[in-house]
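So the structure is just underneath, and the comments pick up after that.
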Amino acid sequence: MALTLKDVSYFPGCSLATTAEENNHSMLELCRKIGVNLVELKDWNCCGSSSTPSINDELAFALGVRNLSLAPKGIPLLVPCPNCIVRLRQSLHKLKQDEKKRLSYEEKWGRPINPDLEIINFFDLVDGIDFLDFSKNRKKRLQGLKFVPYYGCMLAQPSKLKEYNKSYHGVMEKILSSLGGEPLSWPYNSKCCGTYLSVAKPDLITPVVNEIIKGAINAGADCIVTPCAMCHLNLEVRCNLKTKIPTMHFSELLSLSLGTDNYEKWFLKHLVDPKPIFQSAGII
Amino acid sequence: MSLKAASASKELILLKDRITDFSEQVKKLSSIDFSQCYHCQSCSGGCPFSQAMDYLPNRVIRLIQFGQKEKALKCSSIWICVGCDTCAIQCPNAVDISSVMKALCRIALEEGYVSEPDISDFHKEVINSINRYGRTHKLEIMMRYKLRKRDWFGDMGVGTKMLLKRKLEFLPSRVKNMKEIKQIFEENRM
């Protein structure tokens, strides 16, 4: 079936460009299969991460605005990283209230900035799609895989961004179970992984991460699935339990469910090898 | 009014009488109305890192309500808060506490109070990296951070594992138009 590809602009952010390359690649591959051509935002800069708002709020705002100014006209901007999207939406929110600032940035950089830009996350893009339509012979490839969904904290928006207050809980379970996976319930669905405290306060983060992973093992899961690259990194690097289970990017599982030859490259990036669980479930 | 009620009202501390320059400053910088907080402590019960805080989240709000500037700026909680917004979601009045915490961090730095240098140093290294490349270069951030802390061997295991898996890149990914990035930093006093 020949698909007409729909263009969507996207902001990878520093994590997907480096530490979570496997998240980026599996997402790009998957999107092409479902008819979405992701066009990387030209010359994007760091969203400001969690650090700038604590040190210099105006700097955080300006870094966000530069990215918004680079967004192509007429198409939504996908921001798959749950941390980056909060930063960019906050900049957009502020920009909407301050026309004078917007005009001054437009003049400075010589390009228009759309205050009504539609910023979407990965769930907005995939929710509602019947992935079986894209699976050969409607095969449910994830049959036999038990997982716990780990949304992390960042998908919840601060209360002043009420226009984005939408709950995404249940989306991963719905989509992955339609592809044969078995979601298990557990209490750590949206527990914060500690983000950057992992560098500054590792001793504080290890027990938190261990508790989350123990929770997944106790629930009987083969793996943890997350849409957040930061959570993925923390769960991988800060766990010091003897028994570990792999943490998978949501995009990797979706790609695997549609059949992919590239999983070996992505798996190489994992500190906990995911191969055994997929082999024993007969998925690869 | 009965005698009893009159003496009780004398003991009440009215928040509107307690508006201080400091509480006004925090309100302005965070754009959050924290007078909405009636200390039900949902935030403190839900905070995943309250065990590392010297003042629970609602108590930080209390300090501001009472104009206790020095205590609020010196407390570790404002730096420990990672902004996961678990508190704001659980708050019946939707007080965006993490924005208040971040505003307090900025005032604390300006006034020279740094109760958690490990965390503020990390933030500064991240910002320095954005200033240099327009993006974060994680390997360099980690190395410079270790240098600043004079902690040469802590976390070597994790660093090595990440390097072997190429989770840390040796070379930074850069913005091409660095002129715009430099201009942003100059205009924002960094």
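By order of appearance in the structure tokens: chains A, B, ..., then residues from 1 within every chain, and ligands from 1 in the order shown.
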Query raised in the report: Excluding same-chain residues fewer than 5 positions from Val79 of chain A, what lies within 7 Å of it counting only C-alpha atoms, as a PyMOL selection string?
Result: chain A and resi 10-12+84-85+119-121
Query - Contact residues around segment 89-93 of chain B with only C-alpha atoms at 7 Å, ignoring same-chain residues under 2 positions, as a VMD selection string - result: chain B and resid 36 to 37 42 to 43 85 to 87 95
**Report entry** Surrounding residues of Gly13 of chain A excluding itself and chain neighbours under 2 positions, 12 Å, only C-alpha atoms, as a ChimeraX atom specification
**Finding:** /A:10-11,15-21,23-24,40-49,64,67,78-85,87-88,229-230 /B:134-137,173-175
Query - One-decimal distance in Å that lies between atom CA of Val225 of chain A and atom CA of Tyr150 of chain A - result: 5.7 Å
Requested in this report: Hey, list the chain A side of the contact with chain B: 7 Å cut-off, only C-alpha atoms, answer as JSON, numbers by chain.
Outcome: {"A": [14, 18, 19, 43, 44, 45, 46, 51, 52, 53, 54, 55, 56, 58, 59, 62, 153, 154, 158, 159, 192, 194, 200, 237, 269]}
Selection to disk with N, CA and C atoms, as a JSON list (two decimals), in the first residue's frame:
```json
[["chain", "number", "residue", "atom", "x", "y", "z"],
["A", 14, "CYS", "N", 18.00, 17.62, 23.02],
["A", 14, "CYS", "CA", 19.35, 17.07, 23.26],
["A", 14, "CYS", "C", 19.33, 15.58, 23.60],
["A", 18, "THR", "N", 21.16, 12.49, 21.37],
["A", 18, "THR", "CA", 22.38, 11.82, 21.86],
["A", 18, "THR", "C", 22.09, 10.59, 22.72],
["A", 19, "THR", "N", 21.81, 10.80, 24.02],
["A", 19, "THR", "CA", 21.68, 9.65, 24.94],
["A", 19, "THR", "C", 20.55, 8.69, 24.56],
["A", 43, "ASP", "N", 18.18, 23.73, 12.69],
["A", 43, "ASP", "CA", 19.07, 24.48, 13.60],
["A", 43, "ASP", "C", 18.47, 24.76, 14.99],
["A", 44, "TRP", "N", 17.69, 23.81, 15.50],
["A", 44, "TRP", "CA", 17.09, 23.95, 16.83],
["A", 44, "TRP", "C", 18.16, 24.10, 17.90],
["A", 45, "ASN", "N", 17.78, 24.72, 19.02],
["A", 45, "ASN", "CA", 18.69, 24.80, 20.16],
["A", 45, "ASN", "C", 18.06, 24.10, 21.37],
["A", 46, "CYS", "N", 18.86, 23.91, 22.41],
["A", 46, "CYS", "CA", 18.37, 23.25, 23.63],
["A", 46, "CYS", "C", 17.17, 24.03, 24.17],
["A", 51, "SER", "N", 17.23, 23.17, 33.96],
["A", 51, "SER", "CA", 18.17, 24.02, 34.69],
["A", 51, "SER", "C", 17.92, 25.52, 34.54],
["A", 52, "THR", "N", 17.63, 25.99, 33.32],
["A", 52, "THR", "CA", 17.52, 27.44, 33.15],
["A", 52, "THR", "C", 16.42, 28.11, 33.99],
["A", 53, "PRO", "N", 15.22, 27.49, 34.13],
["A", 53, "PRO", "CA", 14.20, 28.19, 34.91],
["A", 53, "PRO", "C", 14.60, 28.45, 36.37],
["A", 54, "SER", "N", 15.50, 27.63, 36.91],
["A", 54, "SER", "CA", 15.92, 27.87, 38.30],
["A", 54, "SER", "C", 16.98, 28.95, 38.40],
["A", 55, "ILE", "N", 17.63, 29.27, 37.28],
["A", 55, "ILE", "CA", 18.72, 30.24, 37.33],
["A", 55, "ILE", "C", 18.31, 31.56, 36.67],
["A", 56, "ASN", "N", 17.69, 31.47, 35.50],
["A", 56, "ASN", "CA", 17.37, 32.68, 34.75],
["A", 56, "ASN", "C", 16.14, 32.44, 33.87],
["A", 58, "GLU", "N", 14.19, 34.50, 32.16],
["A", 58, "GLU", "CA", 14.12, 35.20, 30.88],
["A", 58, "GLU", "C", 14.93, 34.45, 29.83],
["A", 59, "LEU", "N", 16.06, 33.89, 30.27],
["A", 59, "LEU", "CA", 16.90, 33.09, 29.37],
["A", 59, "LEU", "C", 16.12, 31.85, 28.91],
["A", 62, "ALA", "N", 13.63, 32.94, 26.30],
["A", 62, "ALA", "CA", 14.23, 33.29, 25.01],
["A", 62, "ALA", "C", 14.70, 32.05, 24.25],
["A", 153, "CYS", "N", 6.59, 11.74, 35.21],
["A", 153, "CYS", "CA", 5.82, 12.87, 35.76],
["A", 153, "CYS", "C", 5.57, 13.99, 34.76],
["A", 154, "MET", "N", 6.46, 14.13, 33.78],
["A", 154, "MET", "CA", 6.49, 15.37, 32.99],
["A", 154, "MET", "C", 5.30, 15.56, 32.05],
["A", 158, "PRO", "N", 2.09, 21.94, 34.28],
["A", 158, "PRO", "CA", 1.87, 22.83, 35.41],
["A", 158, "PRO", "C", 0.49, 23.48, 35.30],
["A", 159, "SER", "N", -0.09, 23.80, 36.44],
["A", 159, "SER", "CA", -1.49, 24.21, 36.44],
["A", 159, "SER", "C", -1.76, 25.47, 35.63],
["A", 192, "CYS", "N", 7.83, 10.22, 39.76],
["A", 192, "CYS", "CA", 8.98, 10.95, 39.19],
["A", 192, "CYS", "C", 10.27, 10.15, 39.40],
["A", 194, "GLY", "N", 13.25, 11.42, 39.25],
["A", 194, "GLY", "CA", 14.28, 12.26, 39.87],
["A", 194, "GLY", "C", 15.05, 13.13, 38.89],
["A", 200, "ALA", "N", 23.37, 15.25, 40.32],
["A", 200, "ALA", "CA", 23.76, 16.04, 41.49],
["A", 200, "ALA", "C", 23.59, 15.28, 42.81],
["A", 237, "VAL", "N", 20.63, 3.78, 34.28],
["A", 237, "VAL", "CA", 21.95, 4.01, 34.89],
["A", 237, "VAL", "C", 21.95, 3.98, 36.42],
["A", 269, "LYS", "N", 22.19, 0.04, 22.47],
["A", 269, "LYS", "CA", 22.27, 1.25, 23.30],
["A", 269, "LYS", "C", 21.77, 1.03, 24.72]]
```
As a PDB file with N, CA and C atoms, in the first residue's frame, please: the residues near Leu132 of chain A (cut-off 10 Å, only C-alpha atoms, same-chain neighbours under 5 positions excluded).
```
ATOM      1  N   ASN A 137      -0.669  -8.803   7.676  1.00  0.00           N
ATOM      2  CA  ASN A 137      -1.704  -9.783   8.015  1.00  0.00           C
ATOM      3  C   ASN A 137      -2.365  -9.506   9.372  1.00  0.00           C
ATOM      4  N   ARG A 138      -2.334  -8.250   9.778  1.00  0.00           N
ATOM      5  CA  ARG A 138      -2.878  -7.841  11.090  1.00  0.00           C
ATOM      6  C   ARG A 138      -2.352  -8.721  12.225  1.00  0.00           C
ATOM      7  N   LYS A 139      -1.078  -9.078  12.106  1.00  0.00           N
ATOM      8  CA  LYS A 139      -0.482  -9.951  13.116  1.00  0.00           C
ATOM      9  C   LYS A 139      -0.219  -9.185  14.410  1.00  0.00           C
ATOM     10  N   LYS A 140      -0.622  -9.781  15.523  1.00  0.00           N
ATOM     11  CA  LYS A 140      -0.365  -9.152  16.832  1.00  0.00           C
ATOM     12  C   LYS A 140       0.990  -9.634  17.339  1.00  0.00           C
ATOM     13  N   ARG A 141       2.016  -8.900  16.936  1.00  0.00           N
ATOM     14  CA  ARG A 141       3.386  -9.357  17.199  1.00  0.00           C
ATOM     15  C   ARG A 141       3.819  -9.322  18.663  1.00  0.00           C
ATOM     16  N   ILE A 175      -2.902   1.008  23.116  1.00  0.00           N
ATOM     17  CA  ILE A 175      -2.263   0.721  21.823  1.00  0.00           C
ATOM     18  C   ILE A 175      -1.482  -0.594  21.881  1.00  0.00           C
ATOM     19  N   SER A 178      -3.622  -3.649  21.902  1.00  0.00           N
ATOM     20  CA  SER A 178      -4.241  -3.939  20.600  1.00  0.00           C
ATOM     21  C   SER A 178      -3.255  -4.705  19.708  1.00  0.00           C
ATOM     22  N   LEU A 179      -1.982  -4.642  20.070  1.00  0.00           N
ATOM     23  CA  LEU A 179      -0.954  -5.325  19.280  1.00  0.00           C
ATOM     24  C   LEU A 179      -0.506  -6.627  19.955  1.00  0.00           C
ATOM     25  N   GLY A 180      -1.260  -7.049  20.988  1.00  0.00           N
ATOM     26  CA  GLY A 180      -0.986  -8.340  21.614  1.00  0.00           C
ATOM     27  C   GLY A 180      -0.284  -8.267  22.959  1.00  0.00           C
ATOM     28  N   SER A 257       6.485  -3.971  17.022  1.00  0.00           N
ATOM     29  CA  SER A 257       5.176  -4.580  16.785  1.00  0.00           C
ATOM     30  C   SER A 257       4.811  -4.577  15.301  1.00  0.00           C
ATOM     31  N   LEU A 258       5.405  -3.644  14.542  1.00  0.00           N
ATOM     32  CA  LEU A 258       5.111  -3.608  13.105  1.00  0.00           C
ATOM     33  C   LEU A 258       6.157  -4.377  12.299  1.00  0.00           C
TER      34      LEU A 258
END
```
Requested in this report: Taking the chain letters and numbering used in this document, name the residues of segment 184-238 of chain A that DSSP puts in alpha helix (DSSP H), as JSON, numbers by chain.
Outcome: {"A": [197, 198, 199, 200, 202, 203, 204, 205, 206, 207, 208, 209, 210, 211, 212, 213, 214, 215, 216, 217, 218, 219, 229, 230, 231, 232, 233, 234, 235, 236, 237, 238]}
Can you write out the residues you just picked, keeping N, CA, C and O atoms, as a CSV table (one decimal), in the first residue's frame?
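New file result_34.csv:
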```csv
chain,number,residue,atom,x,y,z
A,197,LEU,N,18.5,15.2,39.3
A,197,LEU,CA,19.1,14.9,40.6
A,197,LEU,C,20.0,13.6,40.5
A,197,LEU,O,20.8,13.4,41.4
A,198,SER,N,19.8,12.9,39.4
A,198,SER,CA,20.6,11.7,39.2
A,198,SER,C,22.1,12.0,39.1
A,198,SER,O,22.9,11.2,39.4
A,199,VAL,N,22.4,13.2,38.6
A,199,VAL,CA,23.8,13.7,38.5
A,199,VAL,C,24.2,14.3,39.8
A,199,VAL,O,25.2,14.0,40.4
A,200,ALA,N,23.4,15.3,40.3
A,200,ALA,CA,23.8,16.0,41.5
A,200,ALA,C,23.6,15.3,42.8
A,200,ALA,O,24.3,15.5,43.8
A,202,PRO,N,23.1,11.5,43.3
A,202,PRO,CA,22.8,10.1,42.9
A,202,PRO,C,22.4,9.2,44.0
A,202,PRO,O,21.5,8.3,43.8
A,203,ASP,N,22.8,9.5,45.3
A,203,ASP,CA,22.5,8.6,46.4
A,203,ASP,C,21.0,8.8,46.7
A,203,ASP,O,20.4,7.9,47.4
A,204,LEU,N,20.4,9.9,46.3
A,204,LEU,CA,19.0,10.1,46.6
A,204,LEU,C,18.1,9.3,45.5
A,204,LEU,O,17.0,8.9,45.8
A,205,ILE,N,18.7,9.2,44.3
A,205,ILE,CA,17.9,8.7,43.2
A,205,ILE,C,18.0,7.1,43.1
A,205,ILE,O,17.0,6.5,42.8
A,206,THR,N,19.1,6.5,43.5
A,206,THR,CA,19.2,5.1,43.4
A,206,THR,C,18.0,4.4,44.1
A,206,THR,O,17.4,3.5,43.5
A,207,PRO,N,17.7,4.7,45.4
A,207,PRO,CA,16.6,4.0,46.0
A,207,PRO,C,15.3,4.2,45.3
A,207,PRO,O,14.5,3.3,45.3
A,208,VAL,N,15.1,5.4,44.8
A,208,VAL,CA,13.8,5.7,44.1
A,208,VAL,C,13.7,4.8,42.8
A,208,VAL,O,12.7,4.1,42.6
A,209,VAL,N,14.8,4.8,42.1
A,209,VAL,CA,14.8,4.0,40.8
A,209,VAL,C,14.7,2.5,41.2
A,209,VAL,O,13.9,1.7,40.5
A,210,ASN,N,15.4,2.0,42.2
A,210,ASN,CA,15.3,0.6,42.6
A,210,ASN,C,13.9,0.2,43.0
A,210,ASN,O,13.4,-0.8,42.6
A,211,GLU,N,13.2,1.2,43.7
A,211,GLU,CA,11.8,0.9,44.1
A,211,GLU,C,10.9,0.7,42.9
A,211,GLU,O,10.1,-0.2,42.8
A,212,ILE,N,11.1,1.6,41.9
A,212,ILE,CA,10.3,1.5,40.7
A,212,ILE,C,10.5,0.2,40.0
A,212,ILE,O,9.6,-0.5,39.6
A,213,ILE,N,11.8,-0.2,39.8
A,213,ILE,CA,12.1,-1.4,39.1
A,213,ILE,C,11.7,-2.7,39.9
A,213,ILE,O,11.1,-3.6,39.3
A,214,LYS,N,11.8,-2.6,41.2
A,214,LYS,CA,11.3,-3.7,42.0
A,214,LYS,C,9.8,-3.9,41.8
A,214,LYS,O,9.3,-5.0,41.8
A,215,GLY,N,9.1,-2.7,41.8
A,215,GLY,CA,7.7,-2.7,41.6
A,215,GLY,C,7.3,-3.4,40.3
A,215,GLY,O,6.3,-4.1,40.3
A,216,ALA,N,8.1,-3.1,39.3
A,216,ALA,CA,7.8,-3.8,38.0
A,216,ALA,C,8.0,-5.3,38.0
A,216,ALA,O,7.2,-6.0,37.5
A,217,ILE,N,9.1,-5.7,38.7
A,217,ILE,CA,9.4,-7.1,38.8
A,217,ILE,C,8.3,-7.8,39.6
A,217,ILE,O,7.8,-8.8,39.2
A,218,ASN,N,7.9,-7.2,40.7
A,218,ASN,CA,6.9,-7.7,41.6
A,218,ASN,C,5.5,-7.9,40.8
A,218,ASN,O,4.7,-8.7,41.1
A,219,ALA,N,5.3,-6.9,39.9
A,219,ALA,CA,4.0,-7.0,39.1
A,219,ALA,C,4.1,-8.1,38.1
A,219,ALA,O,3.0,-8.5,37.6
A,229,ALA,N,12.5,9.9,27.6
A,229,ALA,CA,13.9,9.6,27.4
A,229,ALA,C,14.7,9.8,28.7
A,229,ALA,O,15.6,9.1,29.0
A,230,MET,N,14.3,10.8,29.5
A,230,MET,CA,15.0,11.1,30.7
A,230,MET,C,14.7,9.9,31.7
A,230,MET,O,15.7,9.4,32.4
A,231,CYS,N,13.5,9.5,31.9
A,231,CYS,CA,13.1,8.4,32.7
A,231,CYS,C,13.9,7.2,32.3
A,231,CYS,O,14.4,6.4,33.1
A,232,HIS,N,14.0,6.9,31.0
A,232,HIS,CA,14.6,5.8,30.5
A,232,HIS,C,16.1,5.7,31.0
A,232,HIS,O,16.6,4.7,31.5
A,233,LEU,N,16.7,6.9,30.8
A,233,LEU,CA,18.1,6.9,31.2
A,233,LEU,C,18.3,6.7,32.7
A,233,LEU,O,19.2,5.9,33.1
A,234,ASN,N,17.5,7.3,33.5
A,234,ASN,CA,17.7,7.2,35.0
A,234,ASN,C,17.4,5.7,35.4
A,234,ASN,O,18.1,5.2,36.2
A,235,LEU,N,16.4,5.1,34.8
A,235,LEU,CA,16.1,3.7,35.2
A,235,LEU,C,17.2,2.8,34.8
A,235,LEU,O,17.5,1.9,35.5
A,236,GLU,N,17.9,3.1,33.7
A,236,GLU,CA,19.0,2.3,33.3
A,236,GLU,C,20.2,2.5,34.1
A,236,GLU,O,20.9,1.6,34.5
A,237,VAL,N,20.6,3.8,34.3
A,237,VAL,CA,22.0,4.0,34.9
A,237,VAL,C,22.0,4.0,36.4
A,237,VAL,O,23.0,3.8,37.0
A,238,ARG,N,20.8,4.2,37.1
A,238,ARG,CA,20.8,4.3,38.5
A,238,ARG,C,20.4,3.1,39.3
A,238,ARG,O,20.4,3.1,40.5
```
